[in-house]
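Next comes model_19.pdb, a file with PDB, C-alpha atoms.
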ATOM      1  CA  MET A   1       0.000   0.000   0.000
ATOM      2  CA  SER A   2       1.489   3.296  -1.088
ATOM      3  CA  ILE A   3       1.579   6.325   1.191
ATOM      4  CA  VAL A   4       0.863   9.730  -0.308
ATOM      5  CA  ILE A   5       2.401  12.751   1.455
ATOM      6  CA  ASP A   6       0.915  16.153   0.792
ATOM      7  CA  PRO A   7       3.845  18.564   0.154
ATOM      8  CA  ASP A   8       1.744  21.359   1.698
ATOM      9  CA  ASP A   9       1.465  19.533   5.015
ATOM     10  CA  THR A  10       3.489  20.970   7.852
ATOM     11  CA  PRO A  11       5.792  18.301   9.269
ATOM     12  CA  PRO A  12       5.283  17.587  12.949
ATOM     13  CA  GLY A  13       7.547  19.442  15.353
ATOM     14  CA  PRO A  14       9.861  17.761  17.819
ATOM     15  CA  PRO A  15       8.138  16.267  20.883
ATOM     16  CA  VAL A  16       7.661  18.440  23.960
ATOM     17  CA  GLU A  17       7.753  15.507  26.389
ATOM     18  CA  VAL A  18       9.363  12.087  26.072
ATOM     19  CA  VAL A  19       9.326   9.098  28.419
ATOM     20  CA  SER A  20      12.179   6.597  28.331
ATOM     21  CA  PRO A  21      11.317   3.095  27.039
ATOM     22  CA  ASP A  22      11.562   1.653  30.554
ATOM     23  CA  GLY A  23       9.109   4.290  31.830
ATOM     24  CA  ILE A  24      11.528   5.624  34.434
ATOM     25  CA  LEU A  25      12.695   8.954  33.046
ATOM     26  CA  THR A  26      10.551  11.798  31.704
ATOM     27  CA  ALA A  27      12.159  14.702  29.826
ATOM     28  CA  ARG A  28       9.853  17.700  29.413
ATOM     29  CA  ARG A  29      10.815  20.771  27.409
ATOM     30  CA  ASP A  30      10.376  24.157  29.061
ATOM     31  CA  ASP A  31      10.390  26.425  26.036
ATOM     32  CA  THR A  32       9.790  29.587  28.085
ATOM     33  CA  TRP A  33      13.252  29.260  29.613
ATOM     34  CA  ALA A  34      14.917  27.000  27.011
ATOM     35  CA  GLY A  35      15.394  24.296  29.628
ATOM     36  CA  VAL A  36      14.384  20.700  30.234
ATOM     37  CA  LEU A  37      12.581  19.366  33.315
ATOM     38  CA  LEU A  38      13.664  15.843  34.240
ATOM     39  CA  ILE A  39      11.642  13.441  36.403
ATOM     40  CA  ALA A  40      13.020  10.038  37.403
ATOM     41  CA  ASP A  41      10.657   7.512  38.996
ATOM     42  CA  PHE A  42      12.490   4.664  40.699
ATOM     43  CA  SER A  43       9.632   3.952  43.112
ATOM     44  CA  ALA A  44       9.393   0.383  41.778
ATOM     45  CA  LEU A  45      12.749  -0.398  43.324
ATOM     46  CA  SER A  46      12.862  -1.930  46.785
ATOM     47  CA  PRO A  47      14.092  -0.238  48.793
ATOM     48  CA  ASP A  48      13.635   3.206  47.256
ATOM     49  CA  PRO A  49      16.899   4.898  46.284
ATOM     50  CA  ALA A  50      18.138   7.749  48.449
ATOM     51  CA  LYS A  51      19.263   9.888  45.538
ATOM     52  CA  VAL A  52      19.404  10.002  41.754
ATOM     53  CA  ARG A  53      22.152  11.268  39.487
ATOM     54  CA  PHE A  54      20.947  12.805  36.218
ATOM     55  CA  VAL A  55      23.253  12.973  33.213
ATOM     56  CA  ARG A  56      23.029  14.350  29.701
ATOM     57  CA  VAL A  57      24.869  12.545  26.913
ATOM     58  CA  SER A  58      26.557  14.893  24.483
ATOM     59  CA  ALA A  59      26.783  14.425  20.725
ATOM     60  CA  ALA A  60      30.250  12.970  21.326
ATOM     61  CA  GLY A  61      28.760  10.314  23.596
ATOM     62  CA  VAL A  62      30.178  11.821  26.790
ATOM     63  CA  GLU A  63      28.082  11.855  29.966
ATOM     64  CA  GLU A  64      27.740  15.334  31.447
ATOM     65  CA  PRO A  65      26.158  15.746  34.906
ATOM     66  CA  VAL A  66      23.049  17.889  35.155
ATOM     67  CA  ARG A  67      23.304  20.869  37.499
ATOM     68  CA  GLY A  68      20.863  20.392  40.372
ATOM     69  CA  GLY A  69      20.773  16.677  39.645
ATOM     70  CA  ASP A  70      24.288  15.760  40.722
ATOM     71  CA  THR A  71      22.869  14.387  42.950
ATOM     72  CA  ALA A  72      19.129  14.902  43.648
ATOM     73  CA  TRP A  73      17.196  13.600  46.642
ATOM     74  CA  ALA A  74      14.548  11.013  45.774
ATOM     75  CA  PRO A  75      11.718  11.011  48.336
ATOM     76  CA  GLY A  76       9.500   8.021  47.586
ATOM     77  CA  GLY A  77      11.922   7.026  44.844
ATOM     78  CA  ILE A  78      11.078  10.065  42.691
ATOM     79  CA  ALA A  79      13.721  12.692  41.885
ATOM     80  CA  VAL A  80      13.585  15.904  39.881
ATOM     81  CA  ALA A  81      16.243  17.923  38.065
ATOM     82  CA  TYR A  82      16.205  20.875  35.692
ATOM     83  CA  ASP A  83      18.734  21.150  32.869
ATOM     84  CA  HIS A  84      19.214  24.766  31.871
ATOM     85  CA  GLU A  85      22.416  24.136  29.916
ATOM     86  CA  ALA A  86      21.448  21.712  27.157
ATOM     87  CA  PRO A  87      22.463  22.656  23.591
ATOM     88  CA  LEU A  88      19.710  24.463  21.696
ATOM     89  CA  GLY A  89      18.356  23.347  18.351
ATOM     90  CA  GLN A  90      19.803  19.856  18.617
ATOM     91  CA  SER A  91      18.662  16.681  20.282
ATOM     92  CA  SER A  92      20.125  15.619  23.617
ATOM     93  CA  ALA A  93      19.456  12.440  25.581
ATOM     94  CA  TRP A  94      19.151  12.222  29.367
ATOM     95  CA  TYR A  95      19.599   9.270  31.717
ATOM     96  CA  ALA A  96      19.266   8.667  35.456
ATOM     97  CA  TYR A  97      21.201   6.522  37.927
ATOM     98  CA  PRO A  98      19.609   5.431  41.231
ATOM     99  CA  ILE A  99      21.866   5.680  44.282
ATOM    100  CA  GLY A 100      21.067   3.563  47.318
ATOM    101  CA  TRP A 101      21.292   4.594  50.959
ATOM    102  CA  ASP A 102      24.569   2.697  51.119
ATOM    103  CA  GLY A 103      25.958   4.803  48.268
ATOM    104  CA  VAL A 104      25.865   2.014  45.716
ATOM    105  CA  VAL A 105      25.013   3.275  42.222
ATOM    106  CA  GLY A 106      22.401   1.209  40.413
ATOM    107  CA  GLU A 107      21.786   0.464  36.759
ATOM    108  CA  ARG A 108      21.276   3.429  34.465
ATOM    109  CA  SER A 109      17.777   4.064  33.146
ATOM    110  CA  ASP A 110      16.945   4.091  29.481
ATOM    111  CA  GLY A 111      17.297   7.456  27.809
ATOM    112  CA  ALA A 112      14.788  10.152  26.931
ATOM    113  CA  ALA A 113      15.657  12.675  24.197
ATOM    114  CA  VAL A 114      14.164  16.065  23.348
ATOM    115  CA  THR A 115      15.334  19.104  21.373
ATOM    116  CA  PRO A 116      15.231  22.461  23.183
ATOM    117  CA  PRO A 117      14.320  25.116  20.603
ATOM    118  CA  GLU A 118      16.716  27.734  19.325
ATOM    119  CA  PRO A 119      15.850  31.405  19.879
ATOM    120  CA  VAL A 120      14.627  33.459  16.931
ATOM    121  CA  PRO A 121      15.656  36.993  15.899
ATOM    122  CA  VAL A 122      15.865  39.668  17.002
ATOM    123  CA  ARG A 123      16.289  38.546  20.584
ATOM    124  CA  ASP A 124      18.306  35.491  19.733
ATOM    125  CA  VAL A 125      20.913  35.256  22.478
ATOM    126  CA  TRP A 126      20.199  33.647  25.822
ATOM    127  CA  LEU A 127      22.113  34.891  28.843
ATOM    128  CA  LYS A 128      21.374  32.233  31.445
ATOM    129  CA  SER A 129      22.122  32.478  35.132
ATOM    130  CA  LEU A 130      23.489  29.224  36.518
ATOM    131  CA  ALA A 131      22.586  30.230  40.077
ATOM    132  CA  ASP A 132      18.992  31.273  39.366
ATOM    133  CA  PRO A 133      17.516  30.287  35.979
ATOM    134  CA  ALA A 134      14.607  32.696  36.540
ATOM    135  CA  LEU A 135      17.041  35.627  36.094
ATOM    136  CA  SER A 136      17.900  34.436  32.581
ATOM    137  CA  LEU A 137      17.083  36.682  29.640
ATOM    138  CA  LEU A 138      16.723  36.619  25.882
ATOM    139  CA  VAL A 139      18.620  39.681  24.738
ATOM    140  CA  LYS A 140      19.090  41.672  21.558
ATOM    141  CA  VAL A 141      22.793  41.709  20.728
ATOM    142  CA  MET A 142      23.863  44.706  18.645
ATOM    143  CA  ALA A 143      27.576  43.889  18.422
ATOM    144  CA  TRP A 144      29.762  40.916  19.282
ATOM    145  CA  PRO A 145      32.780  41.903  17.256
ATOM    146  CA  GLU A 146      35.615  39.664  18.361
ATOM    147  CA  LEU A 147      36.980  37.039  20.694
ATOM    148  CA  GLN A 148      40.437  37.616  22.152
ATOM    149  CA  TYR A 149      42.609  34.745  23.377
ATOM    150  CA  GLY A 150      45.422  35.629  25.745
ATOM    151  CA  GLU A 151      48.723  33.817  25.374
ATOM    152  CA  ARG A 152      50.811  32.467  28.253
ATOM    153  CA  GLN A 153      54.391  32.506  27.056
ATOM    154  CA  GLN A 154      57.836  33.094  28.494
ATOM    155  CA  ARG A 155      60.826  34.289  26.494
ATOM    156  CA  PHE A 156      64.417  33.469  27.334
ATOM    157  CA  ASP A 157      67.209  35.262  25.472
ATOM    158  CA  ILE A 158      70.379  33.199  25.081
ATOM    159  CA  LEU A 159      73.738  34.966  24.948
ATOM    160  CA  GLY A 160      75.342  34.484  21.555
ATOM    161  CA  ALA A 161      72.168  33.057  20.006
ATOM    162  CA  ALA A 162      70.103  34.956  17.489
ATOM    163  CA  SER A 163      66.810  33.342  18.414
ATOM    164  CA  PRO A 164      65.214  33.210  21.854
ATOM    165  CA  VAL A 165      63.913  30.143  23.610
ATOM    166  CA  MET A 166      60.154  30.271  24.084
ATOM    167  CA  ARG A 167      58.109  28.441  26.668
ATOM    168  CA  VAL A 168      54.499  28.144  25.545
ATOM    169  CA  ASP A 169      51.544  27.172  27.726
ATOM    170  CA  SER A 170      47.862  26.832  26.865
ATOM    171  CA  TRP A 171      46.090  29.872  25.523
ATOM    172  CA  SER A 172      43.406  31.311  27.767
ATOM    173  CA  LEU A 173      39.727  31.095  27.000
ATOM    174  CA  ALA A 174      38.328  34.066  25.155
ATOM    175  CA  THR A 175      37.512  37.504  26.452
ATOM    176  CA  SER A 176      35.086  39.681  24.578
ATOM    177  CA  THR A 177      32.962  42.799  24.693
ATOM    178  CA  VAL A 178      29.275  42.444  23.912
ATOM    179  CA  THR A 179      26.843  45.244  23.155
ATOM    180  CA  ILE A 180      23.156  44.658  23.833
ATOM    181  CA  GLU A 181      20.078  46.855  23.701
ATOM    182  CA  THR A 182      17.035  47.032  25.949
ATOM    183  CA  ASP A 183      13.767  48.681  24.947
ATOM    184  CA  THR A 184      11.896  49.151  28.224
ATOM    185  CA  LEU A 185      12.669  50.107  31.794
ATOM    186  CA  GLU A 186      11.576  46.610  32.872
ATOM    187  CA  GLU A 187      14.195  45.101  30.550
ATOM    188  CA  ARG A 188      16.746  47.585  31.883
ATOM    189  CA  VAL A 189      16.137  46.449  35.467
ATOM    190  CA  ALA A 190      16.300  42.782  34.465
ATOM    191  CA  VAL A 191      19.606  43.157  32.584
ATOM    192  CA  HIS A 192      21.183  45.100  35.445
ATOM    193  CA  ALA A 193      20.055  42.454  37.947
ATOM    194  CA  LEU A 194      21.461  39.643  35.810
ATOM    195  CA  ILE A 195      24.840  41.269  35.198
ATOM    196  CA  THR A 196      25.355  42.201  38.857
ATOM    197  CA  SER A 197      24.032  38.933  40.300
ATOM    198  CA  GLY A 198      27.549  37.547  40.690
ATOM    199  CA  ALA A 199      26.581  34.339  38.892
ATOM    200  CA  THR A 200      28.397  32.724  36.005
ATOM    201  CA  LEU A 201      26.322  33.103  32.841
ATOM    202  CA  LEU A 202      25.790  30.692  29.979
ATOM    203  CA  ALA A 203      25.557  32.412  26.589
ATOM    204  CA  GLN A 204      23.670  30.478  23.912
ATOM    205  CA  THR A 205      22.506  31.523  20.477
ATOM    206  CA  ARG A 206      21.448  30.050  17.138
ATOM    207  CA  MET A 207      23.926  27.692  15.473
ATOM    208  CA  LEU A 208      23.655  29.916  12.387
ATOM    209  CA  ASN A 209      25.389  32.708  14.308
ATOM    210  CA  GLY A 210      28.559  30.659  14.590
ATOM    211  CA  ARG A 211      29.098  31.305  18.307
ATOM    212  CA  PRO A 212      29.460  28.152  20.423
ATOM    213  CA  ASP A 213      27.915  27.975  23.874
ATOM    214  CA  ALA A 214      30.150  29.750  26.380
ATOM    215  CA  TYR A 215      30.269  30.282  30.127
ATOM    216  CA  TRP A 216      30.900  33.924  30.950
ATOM    217  CA  VAL A 217      31.832  35.962  33.971
ATOM    218  CA  PRO A 218      30.675  39.563  33.364
ATOM    219  CA  GLY A 219      33.146  42.316  34.133
ATOM    220  CA  GLN A 220      32.991  46.059  33.741
ATOM    221  CA  PHE A 221      29.931  47.313  31.898
ATOM    222  CA  GLY A 222      28.493  50.590  30.721
ATOM    223  CA  GLU A 223      24.915  51.765  30.289
ATOM    224  CA  VAL A 224      24.225  54.483  27.719
ATOM    225  CA  MET A 225      20.964  56.396  27.739
ATOM    226  CA  PRO A 226      19.586  58.276  24.709
ATOM    227  CA  GLY A 227      19.430  62.049  24.564
ATOM    228  CA  ILE A 228      15.694  62.147  25.279
ATOM    229  CA  SER A 229      15.153  61.694  29.016
ATOM    230  CA  THR A 230      11.791  59.966  28.589
ATOM    231  CA  ASP A 231      13.150  57.360  26.142
ATOM    232  CA  PRO A 232      13.536  54.034  27.999
ATOM    233  CA  HIS A 233      16.019  52.556  25.510
ATOM    234  CA  ARG A 234      19.450  51.627  26.824
ATOM    235  CA  THR A 235      22.636  50.397  25.162
ATOM    236  CA  TRP A 236      24.885  48.187  27.263
ATOM    237  CA  THR A 237      28.544  47.387  26.678
ATOM    238  CA  ILE A 238      29.643  44.417  28.771
ATOM    239  CA  ALA A 239      33.137  42.951  29.109
ATOM    240  CA  VAL A 240      33.001  39.171  29.552
ATOM    241  CA  THR A 241      35.582  36.488  30.278
ATOM    242  CA  ALA A 242      34.996  32.879  29.231
ATOM    243  CA  VAL A 243      35.528  30.236  31.926
ATOM    244  CA  ASP A 244      35.175  26.481  32.228
ATOM    245  CA  ARG A 245      31.817  25.041  33.163
ATOM    246  CA  PRO A 246      31.434  25.432  36.940
ATOM    247  CA  THR A 247      31.186  22.218  38.933
ATOM    248  CA  THR A 248      27.760  20.641  39.256
ATOM    249  CA  VAL A 249      28.484  18.585  42.375
ATOM    250  CA  GLY A 250      26.063  19.507  45.131
ATOM    251  CA  ALA A 251      24.481  22.363  43.169
ATOM    252  CA  PRO A 252      20.933  22.989  44.449
ATOM    253  CA  LEU A 253      17.840  22.395  42.351
ATOM    254  CA  ARG A 254      16.574  25.561  40.668
ATOM    255  CA  ILE A 255      13.408  25.531  38.546
ATOM    256  CA  PRO A 256      12.130  28.812  37.036
ATOM    257  CA  GLY A 257       8.747  29.750  38.478
ATOM    258  CA  ARG A 258       9.030  27.250  41.337
ATOM    259  CA  SER A 259      10.992  29.106  43.995
ATOM    260  CA  TYR A 260       9.814  29.857  47.530
ATOM    261  CA  ASP A 261       9.165  33.447  46.429
ATOM    262  CA  ASP A 262       6.981  32.222  43.548
ATOM    263  CA  SER A 263       5.048  29.991  45.935
ATOM    264  CA  ALA A 264       4.566  32.818  48.452
ATOM    265  CA  ALA A 265       3.049  35.020  45.751
ATOM    266  CA  MET A 266       0.209  32.512  45.308
ATOM    267  CA  TRP A 267       0.048  31.067  48.826
ATOM    268  CA  PRO A 268       1.177  33.718  51.331
ATOM    269  CA  THR A 269       1.223  31.416  54.363
ATOM    270  CA  TYR A 270       2.405  27.894  55.074
ATOM    271  CA  ALA A 271      -1.199  26.958  55.897
ATOM    272  CA  ASP A 272      -2.318  28.209  52.478
ATOM    273  CA  ARG A 273       0.337  26.080  50.824
ATOM    274  CA  THR A 274      -0.406  22.884  52.742
ATOM    275  CA  ALA A 275      -4.155  23.332  52.277
ATOM    276  CA  THR A 276      -3.702  22.603  48.571
ATOM    277  CA  GLY A 277      -2.896  18.995  49.456
ATOM    278  CA  GLN A 278      -0.031  18.970  46.983
ATOM    279  CA  THR A 279       3.049  16.863  47.559
ATOM    280  CA  TYR A 280       6.666  17.811  46.974
ATOM    281  CA  ALA A 281       6.478  15.890  43.688
ATOM    282  CA  ASP A 282       3.363  17.847  42.675
ATOM    283  CA  VAL A 283       5.077  21.165  43.313
ATOM    284  CA  THR A 284       8.298  20.323  41.504
ATOM    285  CA  THR A 285       6.816  18.508  38.521
ATOM    286  CA  GLY A 286       3.834  20.666  37.658
ATOM    287  CA  GLY A 287       1.445  21.107  40.592
TER
END

What do you get writing this file as structure tokens?
Amino acid sequence: MSIVIDPDDTPPGPPVEVVSPDGILTARRDDTWAGVLLIADFSALSPDPAKVRFVRVSAAGVEEPVRGGDTAWAPGGIAVAYDHEAPLGQSSAWYAYPIGWDGVVGERSDGAAVTPPEPVPVRDVWLKSLADPALSLLVKVMAWPELQYGERQQRFDILGAASPVMRVDSWSLATSTVTIETDTLEERVAVHALITSGATLLAQTRMLNGRPDAYWVPGQFGEVMPGISTDPHRTWTIAVTAVDRPTTVGAPLRIPGRSYDDSAAMWPTYADRTATGQTYADVTTGG
């Protein structure tokens, strides 16, 4: 039987939520923040594991620990993590390892793969806070002119020799200066809060832009206001230094929109919160 495909049909988009074949791990895209919520259910094990370690497998096949899930407590055998650092516009696969109360690591779950979406112009650069994903922003980059790599070299001049002896070490990661623009006073406050938060930032953009994901520490920055005092537009020039990915070991779980402050906005008192009847799993996974 032949299958006829209408060329005008829109192909289906990538899945928003995927469950691993063994039913243990759920990966759920959070497109608002370009992250992935991970839920591991090892409640069928006896006894329940104490913790779970979540990992993401890169395109090169290397396991990378998930921040906030290295390791995560597993009350009732259920653990939650939030991956805010997955590559955008390409598929990644996640796995979970149960860890017993005696510290023994169990068999890895099957994988669940989703594709976090790339940003679209004109705000097509994510500046993500590793300490608090809710501070993260999509920004409009006006200039990102160059990357500078500092050398670490020593020169030794030898008497009677025309050429020196050079000792060469690894080049440093890049430094750069980025210019971004904000349109409203609300955006101005958000950018200022993000830059001065003291957190390492993850910069991500579209693959088409040719800039690989990079971890940045912001340095000196300037804020330029237009000549008209009532115009809320601002132009920011920010010096950034690239650093290695900060360690994930023991990093706390951070889920945008699910902080204590977010909860207090809806349920001002502890009694209000408990009256909902929701469990910890409800709150962290969608309740």

query: Between A:Ile39, A:Leu173, A:Ala59, A:Leu208, which has the minimum distance to A:Val243 (counting all atoms listed in the file)?
result: A:Leu173

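Take atom CA of A:Leu185 and atom CA of A:Lys140: the distance between them is 14.7 Å.
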
- request: Identify which of the residues A:Ala199, A:Ile24, A:Val168, A:Val55 lies closest to A:Ala131, counting only C-alpha atoms when measuring atom-to-atom distances.
  value: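 With only C-alpha atoms as the atom set, the closest residue is A:Ala199.
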
Each residue of stretch 119-162 of chain A lying at most 12 Å from stretch 210-234 of chain A should get a row with its shortest atom-to-atom pair and the distance in Å to one decimal, counting only C-alpha atoms; could you produce that, ordered by chain and increasing number, as a Markdown table?
| residue | atom | partner | partner_atom | distance |
| --- | --- | --- | --- | --- |
| A:Asp124 | CA | A:Arg211 | CA | 11.7 |
| A:Val125 | CA | A:Arg211 | CA | 10.0 |
| A:Trp126 | CA | A:Asp213 | CA | 9.8 |
| A:Leu127 | CA | A:Trp216 | CA | 9.1 |
| A:Lys128 | CA | A:Tyr215 | CA | 9.2 |
| A:Ser129 | CA | A:Tyr215 | CA | 9.8 |
| A:Leu130 | CA | A:Tyr215 | CA | 9.4 |
| A:Lys140 | CA | A:Arg234 | CA | 11.3 |
| A:Met142 | CA | A:Arg234 | CA | 11.6 |
| A:Trp144 | CA | A:Arg211 | CA | 9.7 |
| A:Pro145 | CA | A:Arg211 | CA | 11.3 |
| A:Glu146 | CA | A:Arg211 | CA | 10.6 |
| A:Leu147 | CA | A:Arg211 | CA | 10.0 |

Put a box with edges along x, y and z around all the listed atoms of stretch 61-80 of chain A, pad it by 3 Å on each side, then give me its centre and sizes in Å, one decimal, as lines of an AutoDock Vina configuration file.
center_x = 19.8
center_y = 13.9
center_z = 36.0
size_x = 26.7
size_y = 19.8
size_z = 30.7

Gap from atom CA of A:Ile99 to atom CA of A:Lys51 - Å, one decimal: 5.1 Å

- request: Just give me the gap between atom CA of A:Gly23 and atom CA of A:Gly111 in Å, one decimal is fine.
  value: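 We find that atom CA of A:Gly23 and atom CA of A:Gly111 lie 9.7 Å from each other.
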
- prompt: Between A:Val249, A:Leu37, A:Leu194, A:Val240, which has the minimum distance to A:Pro116 (counting only C-alpha atoms)?
  reply: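 Nearest candidate to A:Pro116 out of A:Val249, A:Leu37, A:Leu194, A:Val240: A:Leu37.
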
field: Nearest residue to A:Ala143 from the set A:Ala93, A:Ala86, A:Arg167, A:Thr179 (distances using all atoms listed in the file)
entry: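 With all atoms listed in the file as the atom set, the closest residue is A:Thr179.
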